[in-house]
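Novice: I'm passing along data_23.pdb; it holds PDB, C-alpha atoms.
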ATOM      1  CA  MET L   1      81.033 107.987  90.907
ATOM      2  CA  ASP L   2      81.748 105.797  93.856
ATOM      3  CA  ALA L   3      79.848 107.660  96.553
ATOM      4  CA  SER L   4      80.950 106.457  99.950
ATOM      5  CA  SER L   5      78.756 105.548 102.870
ATOM      6  CA  SER L   6      78.033 109.175 103.725
ATOM      7  CA  GLY L   7      76.697 109.893 100.237
ATOM      8  CA  ILE L   8      79.107 112.693  99.364
ATOM      9  CA  GLN L   9      79.800 113.336  95.684
ATOM     10  CA  GLU L  10      82.184 116.265  95.960
ATOM     11  CA  PRO L  11      84.196 117.756  98.817
ATOM     12  CA  PHE L  12      82.036 120.873  99.060
ATOM     13  CA  ASP L  13      79.059 118.652  99.968
ATOM     14  CA  LEU L  14      80.785 118.184 103.320
ATOM     15  CA  ILE L  15      80.679 121.946 103.875
ATOM     16  CA  ARG L  16      77.128 122.327 102.569
ATOM     17  CA  LEU L  17      75.935 119.710 105.068
ATOM     18  CA  SER L  18      77.613 121.701 107.859
ATOM     19  CA  LEU L  19      75.688 124.942 107.340
ATOM     20  CA  SER L  20      74.197 126.186 110.632
ATOM     21  CA  GLU L  21      76.449 123.721 112.485
ATOM     22  CA  ARG L  22      79.470 124.364 114.647
ATOM     23  CA  VAL L  23      82.617 123.633 112.653
ATOM     24  CA  PHE L  24      86.324 123.419 113.361
ATOM     25  CA  VAL L  25      88.571 125.366 110.984
ATOM     26  CA  LYS L  26      92.352 125.029 110.807
ATOM     27  CA  LEU L  27      94.045 128.123 109.399
ATOM     28  CA  ARG L  28      97.505 129.072 108.241
ATOM     29  CA  GLY L  29      99.682 130.670 110.896
ATOM     30  CA  ASP L  30      98.931 128.109 113.660
ATOM     31  CA  ARG L  31      95.402 129.374 114.189
ATOM     32  CA  GLU L  32      92.227 127.428 114.744
ATOM     33  CA  LEU L  33      88.596 128.519 114.851
ATOM     34  CA  THR L  34      85.393 127.017 116.065
ATOM     35  CA  GLY L  35      82.160 128.709 115.122
ATOM     36  CA  VAL L  36      78.750 128.307 113.582
ATOM     37  CA  LEU L  37      78.955 128.217 109.782
ATOM     38  CA  HIS L  38      76.554 130.615 108.091
ATOM     39  CA  ALA L  39      77.869 130.852 104.538
ATOM     40  CA  TYR L  40      80.730 129.792 102.283
ATOM     41  CA  ASP L  41      81.731 130.037  98.632
ATOM     42  CA  GLY L  42      84.001 128.285  96.183
ATOM     43  CA  HIS L  43      87.091 130.027  97.567
ATOM     44  CA  MET L  44      86.181 128.674 101.001
ATOM     45  CA  ASN L  45      85.553 132.213 102.177
ATOM     46  CA  LEU L  46      83.525 131.593 105.331
ATOM     47  CA  ILE L  47      81.069 133.495 107.484
ATOM     48  CA  LEU L  48      81.147 132.229 111.072
ATOM     49  CA  SER L  49      79.341 133.414 114.179
ATOM     50  CA  ASP L  50      79.976 132.829 117.894
ATOM     51  CA  VAL L  51      83.636 132.216 117.050
ATOM     52  CA  GLU L  52      86.512 131.269 119.296
ATOM     53  CA  GLU L  53      89.972 131.662 117.799
ATOM     54  CA  THR L  54      92.901 129.705 119.239
ATOM     55  CA  ILE L  55      96.400 130.938 118.382
ATOM     56  CA  MET L  56      99.395 128.694 119.051
ATOM     57  CA  ILE L  57     102.492 130.743 119.824
ATOM     58  CA  VAL L  58     105.655 128.623 119.855
ATOM     59  CA  ASP L  59     108.569 130.052 121.840
ATOM     60  CA  GLN L  60     111.853 128.331 121.049
ATOM     61  CA  VAL L  61     113.766 128.705 124.332
ATOM     62  CA  GLU L  62     117.425 129.510 123.778
ATOM     63  CA  GLY L  63     119.730 126.651 124.738
ATOM     64  CA  ALA L  64     116.860 124.195 125.109
ATOM     65  CA  PRO L  65     117.118 120.973 123.094
ATOM     66  CA  GLU L  66     115.178 120.861 119.875
ATOM     67  CA  GLY L  67     111.524 119.934 120.290
ATOM     68  CA  HIS L  68     111.382 121.447 123.765
ATOM     69  CA  ALA L  69     109.849 124.731 122.704
ATOM     70  CA  THR L  70     107.095 126.032 124.929
ATOM     71  CA  VAL L  71     103.739 126.526 123.287
ATOM     72  CA  ASN L  72     101.596 129.392 124.488
ATOM     73  CA  VAL L  73      97.967 129.419 123.547
ATOM     74  CA  ALA L  74      95.999 132.623 123.124
ATOM     75  CA  LYS L  75      92.246 132.619 122.706
ATOM     76  CA  ARG L  76      89.776 135.283 121.740
ATOM     77  CA  LYS L  77      86.115 135.402 120.860
ATOM     78  CA  MET L  78      84.297 137.178 118.074
ATOM     79  CA  GLU L  79      80.590 137.513 117.422
ATOM     80  CA  MET L  80      80.761 137.423 113.640
ATOM     81  CA  LEU L  81      83.715 136.725 111.385
ATOM     82  CA  PHE L  82      84.520 136.705 107.686
ATOM     83  CA  VAL L  83      87.391 134.291 106.908
ATOM     84  CA  ARG L  84      89.250 134.758 103.638
ATOM     85  CA  GLY L  85      89.378 131.401 101.868
ATOM     86  CA  ASP L  86      93.089 131.302 101.090
ATOM     87  CA  GLY L  87      93.919 131.033 104.807
ATOM     88  CA  VAL L  88      91.888 127.857 105.247
ATOM     89  CA  ILE L  89      93.721 124.536 105.550
ATOM     90  CA  LEU L  90      91.024 122.213 106.871
ATOM     91  CA  VAL L  91      87.361 122.343 107.838
ATOM     92  CA  SER L  92      85.809 119.630 109.964
ATOM     93  CA  PRO L  93      82.069 119.445 110.564
ATOM     94  CA  PRO L  94      80.613 118.111 113.797
ATOM     95  CA  SER L  95      80.731 114.308 113.759
ATOM     96  CA  ARG L  96      77.599 112.874 112.196
ATOM     97  CA  THR L  97      76.515 109.456 113.378
TER      98      THR L  97
ATOM     99  CA  MET O  98      92.588  80.315  60.451
ATOM    100  CA  ASP O  99      89.284  78.438  60.488
ATOM    101  CA  ASP O 100      86.455  80.974  60.591
ATOM    102  CA  SER O 101      83.822  78.359  61.444
ATOM    103  CA  THR O 102      85.045  77.996  65.055
ATOM    104  CA  PRO O 103      85.520  81.485  66.484
ATOM    105  CA  PRO O 104      87.366  81.690  69.782
ATOM    106  CA  PRO O 105      85.173  81.964  72.888
ATOM    107  CA  PRO O 106      84.652  85.473  74.265
ATOM    108  CA  PRO O 107      87.194  86.511  76.850
ATOM    109  CA  PRO O 108      86.115  85.286  80.279
ATOM    110  CA  ALA O 109      86.786  88.692  81.835
ATOM    111  CA  ALA O 110      83.699  90.139  80.134
ATOM    112  CA  ALA O 111      81.550  89.328  83.160
ATOM    113  CA  GLU O 112      83.442  91.613  85.564
ATOM    114  CA  PRO O 113      85.378  94.843  85.005
ATOM    115  CA  PRO O 114      89.131  94.459  84.948
ATOM    116  CA  PRO O 115      90.976  95.541  88.090
ATOM    117  CA  PRO O 116      92.254  99.120  87.956
ATOM    118  CA  PRO O 117      95.711  99.223  86.465
ATOM    119  CA  THR O 118      98.474  99.832  88.957
ATOM    120  CA  THR O 119     101.400 100.346  86.624
ATOM    121  CA  SER O 120      99.872 102.532  83.915
ATOM    122  CA  GLY O 121      97.287 105.220  83.433
ATOM    123  CA  SER O 122      97.039 108.906  84.089
ATOM    124  CA  PRO O 123      97.165 110.680  87.451
ATOM    125  CA  THR O 124      93.388 110.993  87.190
ATOM    126  CA  ASP O 125      93.110 107.206  86.859
ATOM    127  CA  PHE O 126      95.149 106.837  90.032
ATOM    128  CA  LEU O 127      92.917 109.248  91.917
ATOM    129  CA  LYS O 128      89.767 107.468  90.718
ATOM    130  CA  GLY O 129      91.329 104.216  91.907
ATOM    131  CA  VAL O 130      92.021 105.425  95.453
ATOM    132  CA  VAL O 131      88.557 106.897  96.149
ATOM    133  CA  GLY O 132      87.101 104.864  98.986
ATOM    134  CA  LYS O 133      90.547 103.585 100.024
ATOM    135  CA  ARG O 134      92.834 104.518 102.902
ATOM    136  CA  VAL O 135      95.216 107.285 101.882
ATOM    137  CA  VAL O 136      97.881 109.546 103.310
ATOM    138  CA  VAL O 137      97.522 113.193 102.337
ATOM    139  CA  ARG O 138     100.646 115.247 103.001
ATOM    140  CA  LEU O 139     100.354 119.014 103.073
ATOM    141  CA  THR O 140     103.135 121.386 102.106
ATOM    142  CA  SER O 141     103.474 122.202 105.820
ATOM    143  CA  GLY O 142     104.586 118.582 106.418
ATOM    144  CA  VAL O 143     101.429 117.590 108.280
ATOM    145  CA  ASP O 144      99.962 114.208 107.283
ATOM    146  CA  TYR O 145      96.297 113.273 107.215
ATOM    147  CA  ARG O 146      95.498 109.561 107.192
ATOM    148  CA  GLY O 147      91.962 108.482 106.430
ATOM    149  CA  ILE O 148      89.532 107.112 103.893
ATOM    150  CA  LEU O 149      89.282 109.242 100.765
ATOM    151  CA  SER O 150      85.600 110.132 100.300
ATOM    152  CA  CYS O 151      86.027 112.266  97.203
ATOM    153  CA  LEU O 152      88.022 115.037  95.615
ATOM    154  CA  ASP O 153      87.541 117.704  92.949
ATOM    155  CA  GLY O 154      89.522 119.446  90.247
ATOM    156  CA  TYR O 155      91.147 121.848  92.713
ATOM    157  CA  MET O 156      92.302 118.785  94.664
ATOM    158  CA  ASN O 157      90.026 119.782  97.502
ATOM    159  CA  ILE O 158      89.679 116.568  99.480
ATOM    160  CA  ALA O 159      87.022 115.038 101.725
ATOM    161  CA  LEU O 160      88.373 112.433 104.157
ATOM    162  CA  GLU O 161      86.618 110.127 106.636
ATOM    163  CA  GLN O 162      87.994 108.731 109.893
ATOM    164  CA  THR O 163      90.895 111.135 109.644
ATOM    165  CA  GLU O 164      93.965 111.186 111.855
ATOM    166  CA  GLU O 165      96.244 114.210 111.816
ATOM    167  CA  HIS O 166      99.912 113.264 112.179
ATOM    168  CA  VAL O 167     102.625 115.792 113.060
ATOM    169  CA  ASN O 168     106.177 114.484 113.419
ATOM    170  CA  GLY O 169     104.820 110.928 113.517
ATOM    171  CA  ARG O 170     102.420 111.607 116.388
ATOM    172  CA  VAL O 171      98.647 111.687 116.181
ATOM    173  CA  THR O 172      97.627 115.242 117.059
ATOM    174  CA  ASN O 173      93.928 115.235 116.119
ATOM    175  CA  ARG O 174      91.093 113.023 114.896
ATOM    176  CA  TYR O 175      88.181 114.099 112.736
ATOM    177  CA  GLY O 176      85.127 112.106 111.680
ATOM    178  CA  ASP O 177      85.058 114.067 108.439
ATOM    179  CA  ALA O 178      87.512 116.593 107.123
ATOM    180  CA  PHE O 179      87.591 118.954 104.161
ATOM    181  CA  ILE O 180      91.124 119.855 103.062
ATOM    182  CA  ARG O 181      91.551 122.865 100.780
ATOM    183  CA  GLY O 182      93.407 121.708  97.682
ATOM    184  CA  ASN O 183      96.098 124.379  97.587
ATOM    185  CA  ASN O 184      97.673 122.908 100.750
ATOM    186  CA  VAL O 185      98.121 119.406  99.278
ATOM    187  CA  LEU O 186     101.637 118.168  98.492
ATOM    188  CA  TYR O 187     100.736 114.563  97.643
ATOM    189  CA  ILE O 188      98.157 111.814  98.035
ATOM    190  CA  SER O 189      99.552 108.374  98.736
ATOM    191  CA  ALA O 190      97.664 105.075  98.731
ATOM    192  CA  ALA O 191      97.958 103.504 102.191
ATOM    193  CA  GLU O 192      96.597 100.087 101.125
ATOM    194  CA  PRO O 193      97.012  97.949  97.997
ATOM    195  CA  LEU O 194      94.937  99.173  95.056
TER     196      LEU O 194
END
Turn this file's structure into structure tokens for me.

Specialist:
Amino acid sequence: MDASSSGIQEPFDLIRLSLSERVFVKLRGDRELTGVLHAYDGHMNLILSDVEETIMIVDQVEGAPEGHATVNVAKRKMEMLFVRGDGVILVSPPSRT
Amino acid sequence: MDDSTPPPPPPAAAEPPPPPTTSGSPTDFLKGVVGKRVVVRLTSGVDYRGILSCLDGYMNIALEQTEEHVNGRVTNRYGDAFIRGNNVLYISAAEPL
């Protein structure tokens, strides 16, 4: 297998190397999370702590030209969170240098 | 045919042949693009451009130097990104194989 510079053999290695680190998670429904990753499984069910959720709420103003919708952002914090894997789109670990 | 003078071995024996670009299975294509720049389009229409680190049988994908493109604009950058396979619409080679 052509392991790249970071030495990753399979995608889940990226997640395994992010345990105990703060990760960014993009979810279905225009939601994003940042939190410390404590556990995961093959479904990408996640356990996160010290979580901030960001919810993008797009309001299409009537009569406004397309692409001029206003985006409201709601945030909330949670101490501990279980994320069901099927809602996960993308997980990004902190940048390793 | 004169059996006493066999033809010389093919000169290509020293190096592996280049990966085929016009034949082969989808798996062969995916093996060929590992380590290359790719565009991953999700069913939501969002594009991720980056270097394909690896992928697995669920089409979970690990990307490096990833740019997130929405409507042609860069909306995010990630050093590494794990994309859950169920969201993937296609993987396109962004450089010659």

Novice: For chain O against chain L, with a cut-off of 8 Å and counting all atoms listed in the file, what is the closest atom pair and its distance in Å to one decimal for every residue that makes the cut, ordered by chain and number, as a tab-separated table?

Specialist:
residue	atom	partner	partner_atom	distance
O:Val131	CA	L:Asp2	CA	7.3
O:Gly132	CA	L:Ser4	CA	6.4
O:Ser150	CA	L:Ser4	CA	5.9
O:Cys151	CA	L:Glu10	CA	5.7
O:Leu152	CA	L:Pro11	CA	5.7
O:Asp153	CA	L:Glu10	CA	6.3
O:Asn157	CA	L:Pro11	CA	6.3
O:Ile158	CA	L:Pro11	CA	5.6
O:Ala159	CA	L:Pro11	CA	4.9
O:Tyr175	CA	L:Ser92	CA	6.6
O:Gly176	CA	L:Ser95	CA	5.3
O:Asp177	CA	L:Ser92	CA	5.8
O:Ala178	CA	L:Ser92	CA	4.5
O:Phe179	CA	L:Val91	CA	5.0
O:Ile180	CA	L:Leu90	CA	4.5
O:Arg181	CA	L:Ile89	CA	5.5
O:Asn184	CA	L:Ile89	CA	6.4

Novice: Work out how far CA of Met78 (chain L) is from CA of Tyr40 (chain L), in Å to one decimal.

Specialist: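 Pair CA of Tyr40 (chain L) / CA of Met78 (chain L) returns 17.8 Å.
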
Novice: Assuming the chain letters and numbering stay as they are in my file, what does the PyMOL selection byres ((chain O and resi 167) around 9) actually select? List them as a VMD selection string.

Specialist: chain O and resid 142 to 145 165 to 166 168 to 172

Novice: Report as lines of an AutoDock Vina configuration file the centre and the edge lengths, in Å to one decimal, of the axis-aligned box holding every listed atom of region 169-186 of chain O, padded by 5 Å on each side.

Specialist:
center_x = 94.9
center_y = 117.7
center_z = 107.3
size_x = 29.8
size_y = 23.5
size_z = 29.5

Novice: From the list L:Gly63, L:Met56, L:Asn72, L:Val51, which residue is nearest Leu33 (chain L) when using all atoms listed in the file?

Specialist: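 For Leu33 (chain L), the nearest of the candidates is L:Val51.
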
Novice: Any idea what the distance is between CA of His38 (chain L) and CA of Thr54 (chain L)?

Specialist: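 Straight-line distance from CA of His38 (chain L) to CA of Thr54 (chain L) works out to 19.8 Å.
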
Novice: So that I can check the surroundings of Leu37 (chain L), please list as a ChimeraX atom specification every protein, DNA and RNA residue that reaches within 6 Å of it, counting all atoms listed in the file and ignoring chain neighbours fewer than 3 positions away.

Specialist: /L:19-21,48

Novice: Report the distance between CA of Phe126 (chain O) and CA of Ile148 (chain O) in Å, rounded to one decimal place.

Specialist: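 For CA of Phe126 (chain O) relative to CA of Ile148 (chain O), the distance reads 15.0 Å.
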
Novice: Compile the contact shell of Arg174 (chain O) as an NGL selection string: residues with an atom at most 8 Å away, counting all atoms listed in the file, same-chain residues fewer than 6 positions apart removed.

Specialist: :O and (162-165)

Novice: Excluding Glu192 (chain O) and its own-chain neighbours fewer than 6 positions away, which residues fall within 9 Å of it when counting all atoms listed in the file? Please give them as a list in words.

Specialist: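 Residues near the query, excluding close chain neighbours: Lys133, Arg134 and Val135 of chain O.
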
Novice: The PyMOL selection byres ((chain L and resi 58) around 8) on the file shown: which residues, as a PyMOL selection string?

Specialist: chain L and resi 56-57+59-60+69-72

Novice: For Arg84 (chain L), which residue among L:Leu27, L:Asn45, L:His68, L:Gly35 is the nearest when counting only C-alpha atoms?

Specialist: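 Checking each of L:Leu27, L:Asn45, L:His68, L:Gly35 against Arg84 (chain L), counting only C-alpha atoms, the winner is L:Asn45.
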
Novice: Given the point (91.5, 131.1, 121.7) in the file's coordinates, find the residues that have an atom at most 8 Å from it, counting all atoms listed in the file, and give them as a PyMOL selection string.

Specialist: chain L and resi 32-33+52-55+73-77

Novice: Would you mind exporting C-alpha atoms of the selected residues as a PDB file, in the coordinates of the input?

Specialist:
ATOM      1  CA  GLU L  32      92.227 127.428 114.744  1.00  0.00           C
ATOM      2  CA  LEU L  33      88.596 128.519 114.851  1.00  0.00           C
ATOM      3  CA  GLU L  52      86.512 131.269 119.296  1.00  0.00           C
ATOM      4  CA  GLU L  53      89.972 131.662 117.799  1.00  0.00           C
ATOM      5  CA  THR L  54      92.901 129.705 119.239  1.00  0.00           C
ATOM      6  CA  ILE L  55      96.400 130.938 118.382  1.00  0.00           C
ATOM      7  CA  VAL L  73      97.967 129.419 123.547  1.00  0.00           C
ATOM      8  CA  ALA L  74      95.999 132.623 123.124  1.00  0.00           C
ATOM      9  CA  LYS L  75      92.246 132.619 122.706  1.00  0.00           C
ATOM     10  CA  ARG L  76      89.776 135.283 121.740  1.00  0.00           C
ATOM     11  CA  LYS L  77      86.115 135.402 120.860  1.00  0.00           C
TER      12      LYS L  77
END
